[in-house]
Structures are given as structure tokens and as C-alpha cells.
Amino acid sequence: MLKGKTAVVTGGSRGLGAAIAYRLASMGADLAVVCRSGPEAAEQVCAGCREKYGVSAKAYQCDVADFEAVKKLAALIKADFGTVHILVNNAGITRDGLVLTMKEEDFDRVMEVNLKGAFNMIRHMSGMFLRNREGCIINISSVTGLMGNAGQCNYAAAKAGLIGLTKSVAREFASRGIRCNAVAPGFIATDMTKGQEENPLVGSIPLGRMGEASDVADAVAYLATAGYVTGEVLRVDGGIGM
Ligand code: NDP
């Protein structure tokens, strides 16, 4: 379904990003997998995609919060793959704390990675989409961006910001055949939510369980191929955000 397309997945070395990379590869997409720390984990994901699905896949190390580094990354990916058709902005971090005691650097870093990181990627990749007159951007937001969450004012603000970014980009690019959507996951079992199994919020999930990374990959696969959907925010949260 995505044969001949190239997808970039940020934060693709583990968790949701790795599941998304595998899913897009299973649909035939070639993959650029971006991570921040040592590229070994991202390289492992790429090797798995190549072996299992016969696609091309390459790992890149880049801090998405760094505007100039992302510019170089876009040029590298263009040189390696020729162009890009799908961008999944999945890289994200948490630095939780109560608003009264949160350190300035923790607020800033979460905004820089989770919100500005997506802007940087869109800013530097969109030239390729415009030239192709086709493109699909999927931003991984969070149900926290819709509902707020005590102890996560920085994270919730960044994830809510991603929704504004998504809708603005969707409006700016719609006439050029470029779509932009967001996925808002709830509690999904990954490194990020390790130890959260006992969080009282988990008990209030209508579907009665935390989600799996594959639940989010399902939503990304849908949005990657849903040609008439743009500016949408798709909750994948077991109903907690309804
Ligand atoms: P993980 O912590 O498991 O993985 C985060 C990924 O992001 C890693 O690949 C990491 O790379 C990468 N990353 C972090 N910072 C940067 C950076 N500055 N530049 C490039 N890559 C970076 O997170 P999840 O898989 O759980 O989450 C993925 C996304 O989904 C995040 O945006 C998160 O906010 C969102 N989300 C997750 C939910 C959940 O319940 N898990 C719920 C709602 C949203 P490296 O390993 O190299 O550090």
C-alpha cells in the first residue's frame, strides 16, 4: 500500500516510534528512523524492517529540538532516499513536576523537543512535500494535550500546541495535496509509562486497560492512507478522553 513511499519516523528507536516504523514497513514504505542517543537501537529497528519486510531502512541520530541539525538531517535523508512522502513526528520526552515547583529548564526542554521538534521537522521536510505535491504529516500528540494533567503542565502545553500546529499546517498545505493529522494516545505501555500501571487514571480508562504500541501504530497506518482526512485529532486512549 505504501510501496515506493519513504517515511521518516522521529523517536523510532523504541516504544511507539519503533512500532510505527515496523507498521509502515509492513505496508511497504522505506524508512528513515531518527533517534537522539546512540543509534544502535534505531539501527536494530531498521535491520528488523529490512529483514522482515524487504524495505530500505536507515537510522539517523539527531536532536529534533535543534533547528540547524534538523536542516542537515533533512538534506541527508534527501540524499539517501531522494524524497520523503510521510513524516511521523513522534519524538517526545517528559519532565514532570507541579507548576509551582517546575524548573524553567524542564518547561523549556519539553517544549523544545515535543513542540518545536515537530515544527523543525515540518519546516525542513515540507519543501520535498511541496515539490511532490503530496505529503502526509502525522504528529503524535497526547490525550493530555486535550484534557490537561496535574504534574504535566509543560507536557500538556506542548501536546496541546501540537494540535494547533497540526490544524494550521493542515490548512496551509491542503491545497497542495499535503495532509496533516494528529494522534492523541492515552496510557500506552512503553518506557515512558513504566511504573504508571498503578496510576489511578489507568483505573478510569473505559476500556479497562492500558493501550499497546500497536494500537497507536494502527491509527498511524490509517492516517497514512486516509486520503480525505486532514486536520483531524484521532484519540487512541481506551475512551479516557471522551
Ligand atoms: P519513549 O520514551 O519510549 O521513546 C521516546 C523516543 O523519542 C525515543 O526513540 C527517543 O530516542 C526519542 N527522542 C526523545 N528525545 C528526542 C530528541 N530530542 N530528538 C530525537 N529523538 C528523541 O516514548 P513513547 O514511545 O512512549 O512515546 C512516543 C511519543 O508518544 C512521544 O511523543 C510521547 O509523548 C507520545 N505519547 C506517549 C504516550 C504513552 O503512554 N507512552 C501517551 C501519549 C503520547 P532515544 O532513545 O535516542 O532517546
# chains A, B, ... in the order shown; residues from 1 in each chain; ligands from 1

$ select_by_dssp --residues "range 114-236 of chain A" --states "helix (DSSP H, G or I)" --output "PyMOL selection string"
chain A and resi 114-132+143-147+153-176+191-193+200-203+213-225

$ select_by_dssp --residues "chain A" --states "strand (DSSP E or B)" --output "number ranges by chain"
A: 6-10, 30-35, 57-61, 86-89, 97, 135-140, 152, 178-185, 188, 211, 233-236

$ closest_atom_pairs --of "chain A" --to "ligand 1" --cutoff "8 Å" --atoms "only C-alpha atoms and all ligand atoms" --output "CSV"
residue,atom,partner,partner_atom_place_in_ligand_line,distance
A:Thr10,CA,ligand 1,21 (N),5.7
A:Gly11,CA,ligand 1,9 (O),3.2
A:Gly12,CA,ligand 1,9 (O),4.8
A:Ser13,CA,ligand 1,9 (O),4.2
A:Arg14,CA,ligand 1,9 (O),4.8
A:Gly15,CA,ligand 1,25 (O),3.4
A:Leu16,CA,ligand 1,25 (O),3.8
A:Gly17,CA,ligand 1,25 (O),5.6
A:Ala18,CA,ligand 1,9 (O),7.4
A:Val34,CA,ligand 1,21 (N),6.3
A:Cys35,CA,ligand 1,21 (N),4.1
A:Arg36,CA,ligand 1,47 (O),3.7
A:Ser37,CA,ligand 1,47 (O),3.6
A:Gly38,CA,ligand 1,47 (O),6.0
A:Pro39,CA,ligand 1,47 (O),6.8
A:Ala41,CA,ligand 1,46 (O),7.3
A:Ala42,CA,ligand 1,9 (O),7.6
A:Gln61,CA,ligand 1,20 (C),7.3
A:Cys62,CA,ligand 1,20 (C),5.6
A:Asp63,CA,ligand 1,19 (N),3.6
A:Val64,CA,ligand 1,19 (N),4.1
A:Ala65,CA,ligand 1,18 (N),5.4
A:Asp66,CA,ligand 1,18 (N),7.9
A:Asn89,CA,ligand 1,32 (O),7.5
A:Asn90,CA,ligand 1,32 (O),4.6
A:Ala91,CA,ligand 1,7 (O),3.6
A:Gly92,CA,ligand 1,32 (O),3.4
A:Ile93,CA,ligand 1,14 (C),5.4
A:Thr94,CA,ligand 1,34 (O),7.0
A:Glu112,CA,ligand 1,18 (N),8.0
A:Val113,CA,ligand 1,18 (N),5.0
A:Asn114,CA,ligand 1,32 (O),6.3
A:Gly117,CA,ligand 1,18 (N),7.2
A:Ile140,CA,ligand 1,32 (O),5.5
A:Ser141,CA,ligand 1,44 (C),5.6
A:Ser142,CA,ligand 1,43 (C),4.0
A:Val143,CA,ligand 1,43 (C),6.3
A:Thr144,CA,ligand 1,43 (C),7.2
A:Tyr155,CA,ligand 1,34 (O),7.7
A:Lys159,CA,ligand 1,34 (O),7.6
A:Ala184,CA,ligand 1,43 (C),6.1
A:Pro185,CA,ligand 1,43 (C),4.2
A:Gly186,CA,ligand 1,42 (C),4.8
A:Phe187,CA,ligand 1,40 (O),3.8
A:Ile188,CA,ligand 1,40 (O),3.5
A:Ala189,CA,ligand 1,41 (N),5.7
A:Thr190,CA,ligand 1,26 (O),4.7
A:Asp191,CA,ligand 1,3 (O),4.3
A:Met192,CA,ligand 1,2 (O),4.3
A:Thr193,CA,ligand 1,41 (N),5.4
A:Gly211,CA,ligand 1,40 (O),7.6
A:Ala213,CA,ligand 1,25 (O),7.6

$ write_last_selection --atoms "N, CA and C atoms" --output "short mmCIF file (atom, residue, chain, number, x, y, z; two decimals), in the first residue's frame"
data_model
loop_
_atom_site.label_atom_id
_atom_site.label_comp_id
_atom_site.auth_asym_id
_atom_site.auth_seq_id
_atom_site.Cartn_x
_atom_site.Cartn_y
_atom_site.Cartn_z
N THR A 10 10.42 10.03 13.69
CA THR A 10 11.31 10.51 14.75
C THR A 10 11.01 9.71 16.03
N GLY A 11 12.05 9.54 16.84
CA GLY A 11 11.86 8.72 18.04
C GLY A 11 11.49 7.29 17.67
N GLY A 12 12.07 6.82 16.57
CA GLY A 12 11.70 5.49 16.06
C GLY A 12 12.53 4.36 16.62
N SER A 13 13.38 4.66 17.62
CA SER A 13 14.28 3.62 18.11
C SER A 13 13.63 2.69 19.12
N ARG A 14 12.52 3.13 19.71
CA ARG A 14 11.85 2.28 20.70
C ARG A 14 10.41 2.74 20.88
N GLY A 15 9.67 2.04 21.74
CA GLY A 15 8.31 2.45 22.10
C GLY A 15 7.39 2.59 20.90
N LEU A 16 6.58 3.65 20.93
CA LEU A 16 5.59 3.85 19.87
C LEU A 16 6.26 4.03 18.52
N GLY A 17 7.37 4.78 18.50
CA GLY A 17 8.04 5.05 17.22
C GLY A 17 8.50 3.78 16.54
N ALA A 18 9.05 2.84 17.31
CA ALA A 18 9.50 1.58 16.72
C ALA A 18 8.30 0.81 16.16
N VAL A 34 14.74 8.07 13.08
CA VAL A 34 15.54 9.09 13.77
C VAL A 34 15.48 8.88 15.27
N CYS A 35 16.65 8.97 15.92
CA CYS A 35 16.67 8.94 17.39
C CYS A 35 17.69 9.95 17.88
N ARG A 36 17.76 10.15 19.18
CA ARG A 36 18.65 11.18 19.72
C ARG A 36 19.93 10.60 20.27
N SER A 37 19.80 9.55 21.10
CA SER A 37 21.02 8.98 21.70
C SER A 37 21.60 7.95 20.73
N GLY A 38 22.49 7.11 21.22
CA GLY A 38 23.20 6.16 20.36
C GLY A 38 22.28 5.51 19.32
N PRO A 39 22.71 5.46 18.08
CA PRO A 39 21.83 4.98 17.02
C PRO A 39 21.67 3.45 16.97
N ALA A 41 19.97 1.32 18.76
CA ALA A 41 18.59 0.83 18.87
C ALA A 41 17.82 1.13 17.59
N ALA A 42 18.05 2.33 17.02
CA ALA A 42 17.37 2.68 15.76
C ALA A 42 17.86 1.78 14.64
N GLN A 61 20.90 9.89 13.68
CA GLN A 61 20.94 10.44 15.04
C GLN A 61 20.80 11.95 14.95
N CYS A 62 19.80 12.50 15.61
CA CYS A 62 19.58 13.95 15.53
C CYS A 62 18.70 14.38 16.70
N ASP A 63 19.03 15.51 17.30
CA ASP A 63 18.16 16.10 18.31
C ASP A 63 17.12 16.95 17.56
N VAL A 64 15.88 16.52 17.58
CA VAL A 64 14.87 17.24 16.78
C VAL A 64 14.65 18.67 17.28
N ALA A 65 15.08 18.95 18.50
CA ALA A 65 14.91 20.30 19.04
C ALA A 65 15.89 21.30 18.42
N ASP A 66 16.89 20.81 17.70
CA ASP A 66 17.96 21.64 17.15
C ASP A 66 17.65 21.99 15.69
N ASN A 89 6.00 12.71 13.38
CA ASN A 89 6.67 13.42 14.48
C ASN A 89 6.27 12.76 15.79
N ASN A 90 7.10 11.81 16.20
CA ASN A 90 6.78 11.00 17.38
C ASN A 90 7.73 11.26 18.55
N ALA A 91 8.91 11.82 18.29
CA ALA A 91 9.90 12.01 19.37
C ALA A 91 9.28 12.85 20.48
N GLY A 92 9.46 12.41 21.70
CA GLY A 92 8.90 13.17 22.82
C GLY A 92 9.53 12.75 24.13
N ILE A 93 9.47 13.66 25.09
CA ILE A 93 10.02 13.40 26.44
C ILE A 93 9.04 13.93 27.49
N THR A 94 9.23 13.49 28.72
CA THR A 94 8.50 14.08 29.85
C THR A 94 9.53 14.62 30.86
N GLU A 112 10.73 22.39 23.72
CA GLU A 112 11.69 22.35 22.60
C GLU A 112 11.64 21.02 21.86
N VAL A 113 11.58 19.93 22.61
CA VAL A 113 11.58 18.61 21.96
C VAL A 113 10.20 18.29 21.40
N ASN A 114 9.17 18.43 22.24
CA ASN A 114 7.84 17.91 21.85
C ASN A 114 7.10 18.81 20.88
N GLY A 117 10.33 20.59 18.12
CA GLY A 117 10.90 19.49 17.33
C GLY A 117 10.02 19.17 16.13
N ILE A 140 2.39 13.02 16.79
CA ILE A 140 1.93 12.24 17.94
C ILE A 140 1.77 13.20 19.12
N SER A 141 0.53 13.56 19.37
CA SER A 141 0.19 14.44 20.48
C SER A 141 -0.08 13.56 21.71
N SER A 142 -1.09 13.90 22.48
CA SER A 142 -1.44 13.09 23.65
C SER A 142 -2.82 13.51 24.12
N VAL A 143 -3.52 12.59 24.74
CA VAL A 143 -4.80 12.94 25.32
C VAL A 143 -4.60 14.00 26.43
N THR A 144 -3.38 14.03 26.98
CA THR A 144 -3.05 15.05 27.98
C THR A 144 -3.14 16.46 27.38
N TYR A 155 4.29 19.29 29.53
CA TYR A 155 3.97 18.25 28.53
C TYR A 155 2.60 18.52 27.90
N LYS A 159 1.81 19.32 24.02
CA LYS A 159 0.95 18.42 23.24
C LYS A 159 -0.29 19.15 22.73
N ALA A 184 -3.73 11.24 19.30
CA ALA A 184 -3.66 11.57 20.73
C ALA A 184 -3.79 10.28 21.54
N PRO A 185 -2.64 9.63 21.83
CA PRO A 185 -2.71 8.41 22.62
C PRO A 185 -3.02 8.72 24.08
N GLY A 186 -3.58 7.71 24.76
CA GLY A 186 -3.79 7.81 26.21
C GLY A 186 -2.62 7.15 26.91
N PHE A 187 -2.90 6.22 27.81
CA PHE A 187 -1.83 5.49 28.52
C PHE A 187 -1.42 4.28 27.70
N ILE A 188 -0.22 4.32 27.12
CA ILE A 188 0.26 3.20 26.30
C ILE A 188 1.50 2.62 26.99
N ALA A 189 1.58 1.32 27.05
CA ALA A 189 2.70 0.67 27.75
C ALA A 189 4.00 0.82 26.95
N THR A 190 4.87 1.71 27.40
CA THR A 190 6.22 1.88 26.81
C THR A 190 7.15 2.29 27.96
N ASP A 191 8.42 2.57 27.62
CA ASP A 191 9.37 3.05 28.64
C ASP A 191 8.83 4.29 29.34
N MET A 192 8.14 5.16 28.55
CA MET A 192 7.68 6.44 29.10
C MET A 192 6.68 6.26 30.23
N THR A 193 5.90 5.18 30.19
CA THR A 193 4.84 4.99 31.19
C THR A 193 5.19 3.86 32.18
N GLY A 211 -3.12 0.91 26.73
CA GLY A 211 -3.01 0.54 25.32
C GLY A 211 -1.67 -0.10 25.00
N ALA A 213 1.50 -0.42 22.00
CA ALA A 213 2.10 0.40 20.93
C ALA A 213 1.41 0.11 19.59
#

$ residues_around --residues "range 1-9 of chain A" --least-positions-apart "5" --cutoff "8 Å" --atoms "only C-alpha atoms" --output "ChimeraX atom specification"
/A:17,20-21,24,27-34,81,83-90

$ write_last_selection --atoms "N, CA and C atoms" --output "PDB file, in the first residue's frame"
ATOM      1  N   GLY A  17       7.369   4.777  18.498  1.00  0.00           N
ATOM      2  CA  GLY A  17       8.041   5.054  17.223  1.00  0.00           C
ATOM      3  C   GLY A  17       8.502   3.782  16.538  1.00  0.00           C
ATOM      4  N   ILE A  20       5.527   2.054  15.106  1.00  0.00           N
ATOM      5  CA  ILE A  20       5.058   2.779  13.913  1.00  0.00           C
ATOM      6  C   ILE A  20       5.982   2.471  12.721  1.00  0.00           C
ATOM      7  N   ALA A  21       7.285   2.457  12.974  1.00  0.00           N
ATOM      8  CA  ALA A  21       8.239   2.156  11.892  1.00  0.00           C
ATOM      9  C   ALA A  21       7.962   0.764  11.329  1.00  0.00           C
ATOM     10  N   LEU A  24       4.682   0.779   9.242  1.00  0.00           N
ATOM     11  CA  LEU A  24       4.792   1.421   7.922  1.00  0.00           C
ATOM     12  C   LEU A  24       5.624   0.545   6.985  1.00  0.00           C
ATOM     13  N   MET A  27       3.719  -2.130   5.446  1.00  0.00           N
ATOM     14  CA  MET A  27       2.865  -1.646   4.357  1.00  0.00           C
ATOM     15  C   MET A  27       3.701  -1.310   3.117  1.00  0.00           C
ATOM     16  N   GLY A  28       5.014  -1.519   3.204  1.00  0.00           N
ATOM     17  CA  GLY A  28       5.879  -1.356   2.033  1.00  0.00           C
ATOM     18  C   GLY A  28       6.708  -0.093   2.003  1.00  0.00           C
ATOM     19  N   ALA A  29       6.578   0.773   3.018  1.00  0.00           N
ATOM     20  CA  ALA A  29       7.316   2.049   2.989  1.00  0.00           C
ATOM     21  C   ALA A  29       8.795   1.838   3.322  1.00  0.00           C
ATOM     22  N   ASP A  30       9.661   2.590   2.632  1.00  0.00           N
ATOM     23  CA  ASP A  30      11.061   2.684   3.036  1.00  0.00           C
ATOM     24  C   ASP A  30      11.132   3.641   4.217  1.00  0.00           C
ATOM     25  N   LEU A  31      12.168   3.478   5.059  1.00  0.00           N
ATOM     26  CA  LEU A  31      12.138   4.172   6.348  1.00  0.00           C
ATOM     27  C   LEU A  31      13.421   4.891   6.717  1.00  0.00           C
ATOM     28  N   ALA A  32      13.271   6.122   7.189  1.00  0.00           N
ATOM     29  CA  ALA A  32      14.343   6.843   7.862  1.00  0.00           C
ATOM     30  C   ALA A  32      13.944   6.924   9.331  1.00  0.00           C
ATOM     31  N   VAL A  33      14.726   6.274  10.182  1.00  0.00           N
ATOM     32  CA  VAL A  33      14.385   6.188  11.610  1.00  0.00           C
ATOM     33  C   VAL A  33      15.330   7.098  12.399  1.00  0.00           C
ATOM     34  N   VAL A  34      14.740   8.070  13.079  1.00  0.00           N
ATOM     35  CA  VAL A  34      15.542   9.093  13.767  1.00  0.00           C
ATOM     36  C   VAL A  34      15.480   8.882  15.273  1.00  0.00           C
ATOM     37  N   PHE A  81      17.462   8.980   0.202  1.00  0.00           N
ATOM     38  CA  PHE A  81      16.211   8.386  -0.295  1.00  0.00           C
ATOM     39  C   PHE A  81      15.622   9.124  -1.506  1.00  0.00           C
ATOM     40  N   THR A  83      13.558  11.545  -1.759  1.00  0.00           N
ATOM     41  CA  THR A  83      12.490  12.406  -1.277  1.00  0.00           C
ATOM     42  C   THR A  83      11.801  11.754  -0.078  1.00  0.00           C
ATOM     43  N   VAL A  84      10.816  12.445   0.479  1.00  0.00           N
ATOM     44  CA  VAL A  84      10.052  11.921   1.623  1.00  0.00           C
ATOM     45  C   VAL A  84       8.573  12.126   1.342  1.00  0.00           C
ATOM     46  N   HIS A  85       7.760  11.134   1.682  1.00  0.00           N
ATOM     47  CA  HIS A  85       6.308  11.241   1.479  1.00  0.00           C
ATOM     48  C   HIS A  85       5.528  11.304   2.790  1.00  0.00           C
ATOM     49  N   ILE A  86       6.075  10.672   3.842  1.00  0.00           N
ATOM     50  CA  ILE A  86       5.347  10.587   5.121  1.00  0.00           C
ATOM     51  C   ILE A  86       6.296  10.999   6.244  1.00  0.00           C
ATOM     52  N   LEU A  87       5.821  11.886   7.107  1.00  0.00           N
ATOM     53  CA  LEU A  87       6.616  12.305   8.265  1.00  0.00           C
ATOM     54  C   LEU A  87       5.811  12.032   9.531  1.00  0.00           C
ATOM     55  N   VAL A  88       6.371  11.232  10.422  1.00  0.00           N
ATOM     56  CA  VAL A  88       5.707  10.982  11.704  1.00  0.00           C
ATOM     57  C   VAL A  88       6.538  11.645  12.804  1.00  0.00           C
ATOM     58  N   ASN A  89       6.001  12.712  13.377  1.00  0.00           N
ATOM     59  CA  ASN A  89       6.674  13.418  14.478  1.00  0.00           C
ATOM     60  C   ASN A  89       6.268  12.760  15.787  1.00  0.00           C
ATOM     61  N   ASN A  90       7.100  11.812  16.203  1.00  0.00           N
ATOM     62  CA  ASN A  90       6.777  11.002  17.377  1.00  0.00           C
ATOM     63  C   ASN A  90       7.727  11.259  18.547  1.00  0.00           C
TER      64      ASN A  90
END

$ closest_residue --among "A:Ala79, A:Ala19, A:Val70, A:Val99" --to "Asn120 in chain A" --atoms "only C-alpha atoms"
A:Val70

$ atom_distance --atom1 "CA of Pro200 in chain A" --atom2 "CA of Asp106 in chain A"
24.5 Å

$ residues_around --residues "Gly97 in chain A" --least-positions-apart "3" --cutoff "10 Å" --atoms "only C-alpha atoms" --output "PyMOL selection string"
chain A and resi 94+100-103+106-107+150-155

$ atom_distance --atom1 "CA of Leu165 in chain A" --atom2 "CA of Gly239 in chain A"
23.8 Å

$ closest_residue --among "A:Phe173, A:Tyr53, A:Tyr22, A:Phe67" --to "Ala217 in chain A" --atoms "only C-alpha atoms"
A:Tyr22

$ atom_distance --atom1 "CA of Ala174 in chain A" --atom2 "CA of Leu162 in chain A"
17.5 Å
